Amino acid sequence: MTALSTAERDAIATLSDAAMLAQVQDWAAINSGTRNLPGIAAVAGKLGDAFAALPGQVELVEPTAVTSVGVDGTVSDLAHGRHFHLTVRADAPVQMLFTGHMDTVYPVDHPFQALTFRADGALNGPGVADMKGGLAVMLAALSAVEASPLAGRIGYEVVINSDEETGSFSSAALLARAARGKVAALTYEPALPDGTLAGARGGTGNFSIVVTGRSAHAGRNPEEGRNAIVAAADIALRLSRLRGPGLAVNPARIEGGGPNNVVPELAILRVNFRPATQAEIARAQAAIDAVVAAVAAEHDVDVQVHGSFNRPPKPVDPGAEKLFELVRAAGADLGLAIAWRATGGVCDGNNIAACGVPVVDTMGPRGGAIHSSDEFLLVDSLAERAALSTLTMLRIAAKGTL
Ligand SMILES: [Zn+2]
């Protein structure tokens, strides 16, 4: 570690796995599935207490209104928890953004709720890697920076949203606001077990397409009916033909219909798109509009499209390249080999990159099997990754640029 300055060495000297592990155990013991609003509020309260160690003002931001389409085709409001937002030294010369999420994919009635240590020392539990471990790493790194003589040079916003696992629909506006004017962003999704980071990410879009036809007796007057299931199936087939090297299309489900002797009046098609580029989003959006108009006309049905491309693709552009290089160099000075590779997953890093802010979105601890009952956190990576973050932040603060 001879490449580290004295200030850098001092900043990382106090980082310990044990302190962060205690926080992870405390936070992960509370179920905070996205829909468990009391659990989300409880974790937000814990985060408020822990992040009070930093200067600045914490606020809990009301979620933006989000609607969902039910199995009966009706559109209703979907409640979300409040989002954690901290602003520190808004007038400092270097401004960064740090983000994470407090929600997990495990609902309150999911069988996977308990924390256990594996024989190899890894911690198995809901959200330990994704991403309560990441939140502990972020806080430890920021605390180390605050104790450093360089702290006055850097200001930042921290956003910890409550709805990342369902697409950040109620926090996207807050993320975009917080990204504005930032030199770079770090997001605390877990690194792969071997320490590899996520580089380029594709985007995603989720749609619910509600088809309303006309019911009729299947035997007596079927010609008077307008079959919503057939029209929805036609939309699914046409959309699936858009598939190409830069666009995956997955018609996932058709709901609706009814008894065998009734021409079905209602169908809801759920479809997911995975565009690799903005151009593919534009192509898909234009095609959705054209397919919907054509099917509505040919089948004489009403078609309403709900949803959006909520996660834009995240290419590794020149700005992101510089940030990755800075993280890689910091890792090398800590004796860590840091590599990155493209992934099919999406996260808030997609939204931040779409704001033109360079982001590395897997600054959390090493872990794996996320979104499953085998999710694990490699405990001895907590201090390691906090040191990586601290060094990255200090160097950006010192340099003032990437
Ligand atoms: Zn996550």
# chains A, B, ... in the order shown; residues from 1 in each chain; ligands from 1
call {"tool": "residues_near_ligand", "arguments": {"ligand": "ligand 1", "cutoff": "6 Å", "atoms": "only C-alpha atoms and all ligand atoms", "output": "list in words"}}
result
Asp130, Met131 and Glu189 of chain A
call {"tool": "select_by_dssp", "arguments": {"residues": "range 7-254 of chain A", "states": "alpha helix (DSSP H)", "output": "PyMOL selection string"}}
result
chain A and resi 7-13+17-28+37-51+133-146+172-179+228-240
call {"tool": "atom_distance", "arguments": {"atom1": "CA of Leu15 in chain A", "atom2": "CA of Val137 in chain A"}}
result
9.5 Å
call {"tool": "residues_around", "arguments": {"residues": "range 109-115 of chain A", "least_positions_apart": "5", "cutoff": "10 Å", "atoms": "only C-alpha atoms", "output": "list in words"}}
result
Gln25, Ala28, Ala29, Ile30, Asn31, Gly33, Asn36, Leu123, Asn124, Gly125, Pro126, Gly127, Val128, Ser372, Ser373, Asp374, Glu375 and Phe376 of chain A
call {"tool": "write_last_selection", "arguments": {"atoms": "C-alpha atoms", "output": "PDB file, in the first residue's frame"}}
result
ATOM      1  CA  GLN A  25     -27.481  -7.656  10.982  1.00  0.00           C
ATOM      2  CA  ALA A  28     -31.518  -7.061   7.606  1.00  0.00           C
ATOM      3  CA  ALA A  29     -33.424  -8.355  10.655  1.00  0.00           C
ATOM      4  CA  ILE A  30     -36.269  -6.049   9.569  1.00  0.00           C
ATOM      5  CA  ASN A  31     -38.252  -7.203   6.549  1.00  0.00           C
ATOM      6  CA  GLY A  33     -39.906  -5.936   0.964  1.00  0.00           C
ATOM      7  CA  ASN A  36     -44.053  -3.823   3.274  1.00  0.00           C
ATOM      8  CA  LEU A 123     -23.749 -14.308   6.182  1.00  0.00           C
ATOM      9  CA  ASN A 124     -26.901 -15.748   4.589  1.00  0.00           C
ATOM     10  CA  GLY A 125     -30.005 -13.578   4.859  1.00  0.00           C
ATOM     11  CA  PRO A 126     -32.538 -11.445   3.007  1.00  0.00           C
ATOM     12  CA  GLY A 127     -30.973  -8.271   1.647  1.00  0.00           C
ATOM     13  CA  VAL A 128     -27.581  -8.779   3.309  1.00  0.00           C
ATOM     14  CA  SER A 372     -32.899 -16.034  -3.786  1.00  0.00           C
ATOM     15  CA  SER A 373     -32.997 -17.728  -0.379  1.00  0.00           C
ATOM     16  CA  ASP A 374     -29.274 -18.425  -0.802  1.00  0.00           C
ATOM     17  CA  GLU A 375     -28.354 -14.719  -0.837  1.00  0.00           C
ATOM     18  CA  PHE A 376     -25.050 -14.256   0.939  1.00  0.00           C
TER      19      PHE A 376
END
call {"tool": "atom_distance", "arguments": {"atom1": "CA of Ala200 in chain A", "atom2": "CA of Val305 in chain A"}}
result
28.9 Å
call {"tool": "residues_around", "arguments": {"residues": "range 261-264 of chain A", "least_positions_apart": "2", "cutoff": "10 Å", "atoms": "only C-alpha atoms", "output": "JSON list (two decimals) with all heavy atoms, in the first residue's frame"}}
result
[["chain", "number", "residue", "atom", "x", "y", "z"],
["A", 212, "THR", "N", -59.81, -4.20, -24.44],
["A", 212, "THR", "CA", -61.23, -4.32, -24.13],
["A", 212, "THR", "C", -62.00, -4.60, -25.41],
["A", 212, "THR", "O", -61.99, -3.78, -26.34],
["A", 212, "THR", "CB", -61.78, -3.04, -23.47],
["A", 212, "THR", "OG1", -60.93, -2.70, -22.36],
["A", 212, "THR", "CG2", -63.20, -3.25, -22.97],
["A", 213, "GLY", "N", -62.63, -5.79, -25.47],
["A", 213, "GLY", "CA", -63.44, -6.14, -26.64],
["A", 213, "GLY", "C", -64.91, -6.05, -26.29],
["A", 213, "GLY", "O", -65.33, -5.11, -25.61],
["A", 214, "ARG", "N", -65.68, -7.05, -26.72],
["A", 214, "ARG", "CA", -67.11, -7.06, -26.41],
["A", 214, "ARG", "C", -67.52, -8.50, -26.18],
["A", 214, "ARG", "O", -67.20, -9.38, -26.99],
["A", 214, "ARG", "CB", -67.89, -6.46, -27.58],
["A", 214, "ARG", "CG", -69.35, -6.12, -27.25],
["A", 214, "ARG", "CD", -70.12, -5.69, -28.49],
["A", 214, "ARG", "NE", -69.40, -4.69, -29.28],
["A", 214, "ARG", "CZ", -69.42, -4.66, -30.61],
["A", 214, "ARG", "NH1", -70.09, -5.56, -31.31],
["A", 214, "ARG", "NH2", -68.74, -3.72, -31.26],
["A", 215, "SER", "N", -68.21, -8.75, -25.06],
["A", 215, "SER", "CA", -68.61, -10.12, -24.79],
["A", 215, "SER", "C", -69.86, -10.48, -25.60],
["A", 215, "SER", "O", -70.64, -9.61, -25.99],
["A", 215, "SER", "CB", -68.86, -10.32, -23.30],
["A", 215, "SER", "OG", -69.92, -9.49, -22.89],
["A", 216, "ALA", "N", -69.99, -11.78, -25.85],
["A", 216, "ALA", "CA", -71.16, -12.29, -26.59],
["A", 216, "ALA", "C", -71.24, -13.78, -26.27],
["A", 216, "ALA", "O", -70.29, -14.36, -25.72],
["A", 216, "ALA", "CB", -70.99, -12.07, -28.09],
["A", 217, "HIS", "N", -72.36, -14.42, -26.59],
["A", 217, "HIS", "CA", -72.48, -15.85, -26.38],
["A", 217, "HIS", "C", -71.61, -16.57, -27.41],
["A", 217, "HIS", "O", -71.68, -16.26, -28.61],
["A", 217, "HIS", "CB", -73.95, -16.28, -26.52],
["A", 217, "HIS", "CG", -74.20, -17.66, -26.02],
["A", 217, "HIS", "ND1", -73.78, -18.79, -26.71],
["A", 217, "HIS", "CD2", -74.82, -18.11, -24.90],
["A", 217, "HIS", "CE1", -74.14, -19.87, -26.03],
["A", 217, "HIS", "NE2", -74.77, -19.48, -24.91],
["A", 218, "ALA", "N", -70.84, -17.51, -26.93],
["A", 218, "ALA", "CA", -69.88, -18.17, -27.81],
["A", 218, "ALA", "C", -70.56, -18.99, -28.90],
["A", 218, "ALA", "O", -69.96, -19.28, -29.94],
["A", 218, "ALA", "CB", -68.95, -19.07, -26.98],
["A", 219, "GLY", "N", -71.81, -19.41, -28.66],
["A", 219, "GLY", "CA", -72.51, -20.24, -29.64],
["A", 219, "GLY", "C", -73.61, -19.49, -30.38],
["A", 219, "GLY", "O", -73.78, -19.65, -31.57],
["A", 220, "ARG", "N", -74.31, -18.65, -29.65],
["A", 220, "ARG", "CA", -75.50, -18.04, -30.23],
["A", 220, "ARG", "C", -75.17, -16.86, -31.14],
["A", 220, "ARG", "O", -75.68, -16.76, -32.26],
["A", 220, "ARG", "CB", -76.42, -17.55, -29.10],
["A", 220, "ARG", "CG", -77.87, -17.35, -29.56],
["A", 220, "ARG", "CD", -78.75, -16.85, -28.43],
["A", 220, "ARG", "NE", -78.72, -17.75, -27.27],
["A", 220, "ARG", "CZ", -79.53, -17.61, -26.22],
["A", 220, "ARG", "NH1", -80.41, -16.64, -26.20],
["A", 220, "ARG", "NH2", -79.44, -18.42, -25.20],
["A", 221, "ASN", "N", -74.32, -15.95, -30.70],
["A", 221, "ASN", "CA", -74.03, -14.75, -31.51],
["A", 221, "ASN", "C", -72.54, -14.36, -31.45],
["A", 221, "ASN", "O", -72.20, -13.21, -31.16],
["A", 221, "ASN", "CB", -74.89, -13.58, -31.04],
["A", 221, "ASN", "CG", -74.65, -13.23, -29.58],
["A", 221, "ASN", "OD1", -74.13, -14.04, -28.82],
["A", 221, "ASN", "ND2", -75.00, -12.00, -29.20],
["A", 222, "PRO", "N", -71.63, -15.32, -31.68],
["A", 222, "PRO", "CA", -70.20, -14.99, -31.53],
["A", 222, "PRO", "C", -69.76, -13.85, -32.45],
["A", 222, "PRO", "O", -68.84, -13.10, -32.12],
["A", 222, "PRO", "CB", -69.49, -16.30, -31.89],
["A", 222, "PRO", "CG", -70.47, -17.05, -32.72],
["A", 222, "PRO", "CD", -71.83, -16.68, -32.20],
["A", 223, "GLU", "N", -70.44, -13.70, -33.61],
["A", 223, "GLU", "CA", -70.04, -12.64, -34.55],
["A", 223, "GLU", "C", -70.22, -11.25, -33.95],
["A", 223, "GLU", "O", -69.59, -10.29, -34.40],
["A", 223, "GLU", "CB", -70.80, -12.79, -35.88],
["A", 223, "GLU", "CG", -72.30, -12.51, -35.84],
["A", 223, "GLU", "CD", -73.12, -13.62, -35.15],
["A", 223, "GLU", "OE1", -72.55, -14.71, -34.90],
["A", 223, "GLU", "OE2", -74.30, -13.37, -34.85],
["A", 224, "GLU", "N", -71.05, -11.14, -32.94],
["A", 224, "GLU", "CA", -71.24, -9.84, -32.30],
["A", 224, "GLU", "C", -70.17, -9.55, -31.25],
["A", 224, "GLU", "O", -70.07, -8.43, -30.75],
["A", 224, "GLU", "CB", -72.63, -9.74, -31.67],
["A", 224, "GLU", "CG", -73.73, -9.63, -32.71],
["A", 224, "GLU", "CD", -75.13, -9.65, -32.09],
["A", 224, "GLU", "OE1", -75.26, -9.28, -30.91],
["A", 224, "GLU", "OE2", -76.06, -10.05, -32.82],
["A", 225, "GLY", "N", -69.41, -10.59, -30.90],
["A", 225, "GLY", "CA", -68.38, -10.40, -29.89],
["A", 225, "GLY", "C", -67.08, -9.87, -30.49],
["A", 225, "GLY", "O", -66.85, -9.94, -31.71],
["A", 226, "ARG", "N", -66.23, -9.31, -29.64],
["A", 226, "ARG", "CA", -64.88, -8.90, -30.05],
["A", 226, "ARG", "C", -63.93, -9.54, -29.04],
["A", 226, "ARG", "O", -63.91, -9.13, -27.87],
["A", 226, "ARG", "CB", -64.75, -7.37, -30.02],
["A", 226, "ARG", "CG", -65.69, -6.65, -30.98],
["A", 226, "ARG", "CD", -65.32, -6.88, -32.45],
["A", 226, "ARG", "NE", -66.25, -6.20, -33.36],
["A", 226, "ARG", "CZ", -67.35, -6.76, -33.88],
["A", 226, "ARG", "NH1", -67.68, -8.00, -33.59],
["A", 226, "ARG", "NH2", -68.11, -6.06, -34.70],
["A", 227, "ASN", "N", -63.18, -10.51, -29.47],
["A", 227, "ASN", "CA", -62.42, -11.37, -28.56],
["A", 227, "ASN", "C", -61.12, -10.69, -28.10],
["A", 227, "ASN", "O", -60.16, -10.57, -28.86],
["A", 227, "ASN", "CB", -62.11, -12.70, -29.25],
["A", 227, "ASN", "CG", -61.59, -13.73, -28.28],
["A", 227, "ASN", "OD1", -60.72, -13.44, -27.46],
["A", 227, "ASN", "ND2", -62.12, -14.94, -28.36],
["A", 228, "ALA", "N", -61.12, -10.28, -26.84],
["A", 228, "ALA", "CA", -59.96, -9.55, -26.30],
["A", 228, "ALA", "C", -58.72, -10.45, -26.16],
["A", 228, "ALA", "O", -57.60, -9.99, -26.33],
["A", 228, "ALA", "CB", -60.31, -8.93, -24.95],
["A", 229, "ILE", "N", -58.94, -11.73, -25.85],
["A", 229, "ILE", "CA", -57.81, -12.65, -25.70],
["A", 229, "ILE", "C", -57.09, -12.84, -27.05],
["A", 229, "ILE", "O", -55.85, -12.81, -27.13],
["A", 229, "ILE", "CB", -58.29, -14.03, -25.17],
["A", 229, "ILE", "CG1", -58.79, -13.90, -23.73],
["A", 229, "ILE", "CG2", -57.19, -15.08, -25.30],
["A", 229, "ILE", "CD1", -57.73, -13.86, -22.67],
["A", 230, "VAL", "N", -57.88, -13.00, -28.11],
["A", 230, "VAL", "CA", -57.27, -13.18, -29.44],
["A", 230, "VAL", "C", -56.51, -11.91, -29.84],
["A", 230, "VAL", "O", -55.39, -11.98, -30.37],
["A", 230, "VAL", "CB", -58.36, -13.53, -30.48],
["A", 230, "VAL", "CG1", -57.77, -13.51, -31.89],
["A", 230, "VAL", "CG2", -58.96, -14.90, -30.17],
["A", 256, "GLY", "N", -57.13, -12.26, -17.90],
["A", 256, "GLY", "CA", -58.47, -11.90, -18.37],
["A", 256, "GLY", "C", -59.24, -13.12, -18.82],
["A", 256, "GLY", "O", -59.05, -14.22, -18.30],
["A", 257, "GLY", "N", -60.10, -12.92, -19.83],
["A", 257, "GLY", "CA", -60.90, -14.04, -20.31],
["A", 257, "GLY", "C", -61.98, -14.43, -19.33],
["A", 257, "GLY", "O", -62.28, -13.71, -18.38],
["A", 258, "GLY", "N", -62.57, -15.57, -19.58],
["A", 258, "GLY", "CA", -63.68, -16.01, -18.73],
["A", 258, "GLY", "C", -64.13, -17.40, -19.10],
["A", 258, "GLY", "O", -63.33, -18.20, -19.59],
["A", 259, "PRO", "N", -65.39, -17.71, -18.88],
["A", 259, "PRO", "CA", -65.91, -19.06, -19.15],
["A", 259, "PRO", "C", -65.85, -19.41, -20.63],
["A", 259, "PRO", "O", -65.84, -18.52, -21.49],
["A", 259, "PRO", "CB", -67.37, -18.99, -18.68],
["A", 259, "PRO", "CG", -67.51, -17.71, -17.94],
["A", 259, "PRO", "CD", -66.40, -16.81, -18.34],
["A", 266, "LEU", "N", -62.21, -8.93, -21.92],
["A", 266, "LEU", "CA", -61.05, -8.26, -21.34],
["A", 266, "LEU", "C", -59.81, -9.15, -21.38],
["A", 266, "LEU", "O", -59.88, -10.33, -21.08],
["A", 266, "LEU", "CB", -61.36, -7.90, -19.87],
["A", 266, "LEU", "CG", -60.20, -7.29, -19.08],
["A", 266, "LEU", "CD1", -59.93, -5.86, -19.53],
["A", 266, "LEU", "CD2", -60.49, -7.33, -17.58],
["A", 267, "ALA", "N", -58.68, -8.53, -21.72],
["A", 267, "ALA", "CA", -57.39, -9.22, -21.61],
["A", 267, "ALA", "C", -56.33, -8.20, -21.26],
["A", 267, "ALA", "O", -56.38, -7.05, -21.72],
["A", 267, "ALA", "CB", -57.04, -9.92, -22.92]]
call {"tool": "atom_distance", "arguments": {"atom1": "CA of Phe309 in chain A", "atom2": "CA of Gly349 in chain A"}}
result
14.6 Å
call {"tool": "closest_residue", "arguments": {"among": "A:Ala191, A:Ala184, A:Ala19, A:Ala369", "to": "Arg395 in chain A", "atoms": "only C-alpha atoms"}}
result
A:Ala184
call {"tool": "select_by_dssp", "arguments": {"residues": "range 12-191 of chain A", "states": "strand (DSSP E or B)", "output": "number ranges by chain"}}
result
A: 33, 57-61, 67-69, 75-77, 83-88, 94-101, 104, 116-117, 123-124, 154-161, 184-188, 191
call {"tool": "decode", "arguments": {"residues": "range 324-338 of chain A", "atoms": "all heavy atoms", "output": "PDB file, in the first residue's frame"}}
result
ATOM      1  N   PHE A 324     -14.336   4.333 -13.931  1.00  0.00           N
ATOM      2  CA  PHE A 324     -13.901   2.950 -13.728  1.00  0.00           C
ATOM      3  C   PHE A 324     -12.391   2.884 -13.556  1.00  0.00           C
ATOM      4  O   PHE A 324     -11.873   2.141 -12.719  1.00  0.00           O
ATOM      5  CB  PHE A 324     -14.328   2.068 -14.912  1.00  0.00           C
ATOM      6  CG  PHE A 324     -15.678   1.427 -14.719  1.00  0.00           C
ATOM      7  CD1 PHE A 324     -16.765   1.800 -15.478  1.00  0.00           C
ATOM      8  CD2 PHE A 324     -15.864   0.436 -13.760  1.00  0.00           C
ATOM      9  CE1 PHE A 324     -18.014   1.223 -15.295  1.00  0.00           C
ATOM     10  CE2 PHE A 324     -17.104  -0.157 -13.567  1.00  0.00           C
ATOM     11  CZ  PHE A 324     -18.185   0.244 -14.345  1.00  0.00           C
ATOM     12  N   GLU A 325     -11.681   3.668 -14.366  1.00  0.00           N
ATOM     13  CA  GLU A 325     -10.222   3.662 -14.296  1.00  0.00           C
ATOM     14  C   GLU A 325      -9.754   4.158 -12.927  1.00  0.00           C
ATOM     15  O   GLU A 325      -8.818   3.608 -12.327  1.00  0.00           O
ATOM     16  CB  GLU A 325      -9.649   4.517 -15.432  1.00  0.00           C
ATOM     17  CG  GLU A 325      -8.139   4.623 -15.456  1.00  0.00           C
ATOM     18  CD  GLU A 325      -7.434   3.270 -15.381  1.00  0.00           C
ATOM     19  OE1 GLU A 325      -7.964   2.269 -15.920  1.00  0.00           O
ATOM     20  OE2 GLU A 325      -6.350   3.209 -14.753  1.00  0.00           O
ATOM     21  N   LEU A 326     -10.444   5.185 -12.416  1.00  0.00           N
ATOM     22  CA  LEU A 326     -10.094   5.719 -11.089  1.00  0.00           C
ATOM     23  C   LEU A 326     -10.329   4.662 -10.002  1.00  0.00           C
ATOM     24  O   LEU A 326      -9.505   4.473  -9.105  1.00  0.00           O
ATOM     25  CB  LEU A 326     -10.970   6.945 -10.850  1.00  0.00           C
ATOM     26  CG  LEU A 326     -10.455   8.020  -9.913  1.00  0.00           C
ATOM     27  CD1 LEU A 326     -10.926   9.382 -10.395  1.00  0.00           C
ATOM     28  CD2 LEU A 326     -10.926   7.784  -8.501  1.00  0.00           C
ATOM     29  N   VAL A 327     -11.457   3.946 -10.101  1.00  0.00           N
ATOM     30  CA  VAL A 327     -11.770   2.889  -9.129  1.00  0.00           C
ATOM     31  C   VAL A 327     -10.755   1.746  -9.262  1.00  0.00           C
ATOM     32  O   VAL A 327     -10.285   1.199  -8.263  1.00  0.00           O
ATOM     33  CB  VAL A 327     -13.218   2.364  -9.325  1.00  0.00           C
ATOM     34  CG1 VAL A 327     -13.489   1.151  -8.440  1.00  0.00           C
ATOM     35  CG2 VAL A 327     -14.238   3.472  -9.036  1.00  0.00           C
ATOM     36  N   ARG A 328     -10.422   1.424 -10.511  1.00  0.00           N
ATOM     37  CA  ARG A 328      -9.452   0.351 -10.739  1.00  0.00           C
ATOM     38  C   ARG A 328      -8.100   0.692 -10.121  1.00  0.00           C
ATOM     39  O   ARG A 328      -7.465  -0.145  -9.442  1.00  0.00           O
ATOM     40  CB  ARG A 328      -9.282   0.079 -12.244  1.00  0.00           C
ATOM     41  CG  ARG A 328      -8.522  -1.192 -12.567  1.00  0.00           C
ATOM     42  CD  ARG A 328      -7.887  -1.148 -13.950  1.00  0.00           C
ATOM     43  NE  ARG A 328      -6.944  -0.044 -14.082  1.00  0.00           N
ATOM     44  CZ  ARG A 328      -5.749  -0.005 -13.513  1.00  0.00           C
ATOM     45  NH1 ARG A 328      -5.331  -1.020 -12.780  1.00  0.00           N
ATOM     46  NH2 ARG A 328      -4.963   1.050 -13.669  1.00  0.00           N
ATOM     47  N   ALA A 329      -7.669   1.943 -10.324  1.00  0.00           N
ATOM     48  CA  ALA A 329      -6.372   2.379  -9.776  1.00  0.00           C
ATOM     49  C   ALA A 329      -6.395   2.376  -8.250  1.00  0.00           C
ATOM     50  O   ALA A 329      -5.434   1.959  -7.594  1.00  0.00           O
ATOM     51  CB  ALA A 329      -6.017   3.769 -10.302  1.00  0.00           C
ATOM     52  N   ALA A 330      -7.515   2.826  -7.664  1.00  0.00           N
ATOM     53  CA  ALA A 330      -7.646   2.810  -6.201  1.00  0.00           C
ATOM     54  C   ALA A 330      -7.562   1.369  -5.698  1.00  0.00           C
ATOM     55  O   ALA A 330      -6.893   1.081  -4.699  1.00  0.00           O
ATOM     56  CB  ALA A 330      -8.968   3.456  -5.771  1.00  0.00           C
ATOM     57  N   GLY A 331      -8.236   0.472  -6.413  1.00  0.00           N
ATOM     58  CA  GLY A 331      -8.186  -0.942  -6.040  1.00  0.00           C
ATOM     59  C   GLY A 331      -6.762  -1.480  -6.109  1.00  0.00           C
ATOM     60  O   GLY A 331      -6.290  -2.169  -5.192  1.00  0.00           O
ATOM     61  N   ALA A 332      -6.068  -1.130  -7.187  1.00  0.00           N
ATOM     62  CA  ALA A 332      -4.689  -1.616  -7.356  1.00  0.00           C
ATOM     63  C   ALA A 332      -3.814  -1.145  -6.196  1.00  0.00           C
ATOM     64  O   ALA A 332      -2.987  -1.900  -5.669  1.00  0.00           O
ATOM     65  CB  ALA A 332      -4.122  -1.129  -8.692  1.00  0.00           C
ATOM     66  N   ASP A 333      -4.014   0.105  -5.754  1.00  0.00           N
ATOM     67  CA  ASP A 333      -3.222   0.636  -4.641  1.00  0.00           C
ATOM     68  C   ASP A 333      -3.568  -0.034  -3.312  1.00  0.00           C
ATOM     69  O   ASP A 333      -2.817   0.059  -2.344  1.00  0.00           O
ATOM     70  CB  ASP A 333      -3.407   2.155  -4.538  1.00  0.00           C
ATOM     71  CG  ASP A 333      -2.766   2.868  -5.724  1.00  0.00           C
ATOM     72  OD1 ASP A 333      -1.965   2.223  -6.434  1.00  0.00           O
ATOM     73  OD2 ASP A 333      -3.082   4.052  -5.951  1.00  0.00           O
ATOM     74  N   LEU A 334      -4.749  -0.678  -3.271  1.00  0.00           N
ATOM     75  CA  LEU A 334      -5.146  -1.418  -2.066  1.00  0.00           C
ATOM     76  C   LEU A 334      -4.832  -2.915  -2.198  1.00  0.00           C
ATOM     77  O   LEU A 334      -5.177  -3.710  -1.331  1.00  0.00           O
ATOM     78  CB  LEU A 334      -6.655  -1.261  -1.820  1.00  0.00           C
ATOM     79  CG  LEU A 334      -7.139   0.129  -1.405  1.00  0.00           C
ATOM     80  CD1 LEU A 334      -8.664   0.217  -1.530  1.00  0.00           C
ATOM     81  CD2 LEU A 334      -6.700   0.446   0.016  1.00  0.00           C
ATOM     82  N   GLY A 335      -4.223  -3.279  -3.333  1.00  0.00           N
ATOM     83  CA  GLY A 335      -3.915  -4.693  -3.564  1.00  0.00           C
ATOM     84  C   GLY A 335      -5.093  -5.490  -4.093  1.00  0.00           C
ATOM     85  O   GLY A 335      -5.107  -6.719  -4.021  1.00  0.00           O
ATOM     86  N   LEU A 336      -6.112  -4.789  -4.630  1.00  0.00           N
ATOM     87  CA  LEU A 336      -7.295  -5.456  -5.173  1.00  0.00           C
ATOM     88  C   LEU A 336      -7.277  -5.361  -6.697  1.00  0.00           C
ATOM     89  O   LEU A 336      -7.087  -4.277  -7.239  1.00  0.00           O
ATOM     90  CB  LEU A 336      -8.582  -4.783  -4.682  1.00  0.00           C
ATOM     91  CG  LEU A 336      -8.797  -4.651  -3.181  1.00  0.00           C
ATOM     92  CD1 LEU A 336     -10.014  -3.759  -2.910  1.00  0.00           C
ATOM     93  CD2 LEU A 336      -9.003  -6.034  -2.572  1.00  0.00           C
ATOM     94  N   ALA A 337      -7.503  -6.472  -7.362  1.00  0.00           N
ATOM     95  CA  ALA A 337      -7.630  -6.456  -8.821  1.00  0.00           C
ATOM     96  C   ALA A 337      -9.099  -6.203  -9.144  1.00  0.00           C
ATOM     97  O   ALA A 337      -9.952  -7.029  -8.837  1.00  0.00           O
ATOM     98  CB  ALA A 337      -7.176  -7.780  -9.407  1.00  0.00           C
ATOM     99  N   ILE A 338      -9.391  -5.055  -9.721  1.00  0.00           N
ATOM    100  CA  ILE A 338     -10.780  -4.684 -10.008  1.00  0.00           C
ATOM    101  C   ILE A 338     -11.033  -4.797 -11.508  1.00  0.00           C
ATOM    102  O   ILE A 338     -10.405  -4.105 -12.305  1.00  0.00           O
ATOM    103  CB  ILE A 338     -11.069  -3.231  -9.566  1.00  0.00           C
ATOM    104  CG1 ILE A 338     -10.809  -3.057  -8.071  1.00  0.00           C
ATOM    105  CG2 ILE A 338     -12.498  -2.834  -9.929  1.00  0.00           C
ATOM    106  CD1 ILE A 338     -11.801  -3.724  -7.164  1.00  0.00           C
TER     107      ILE A 338
END
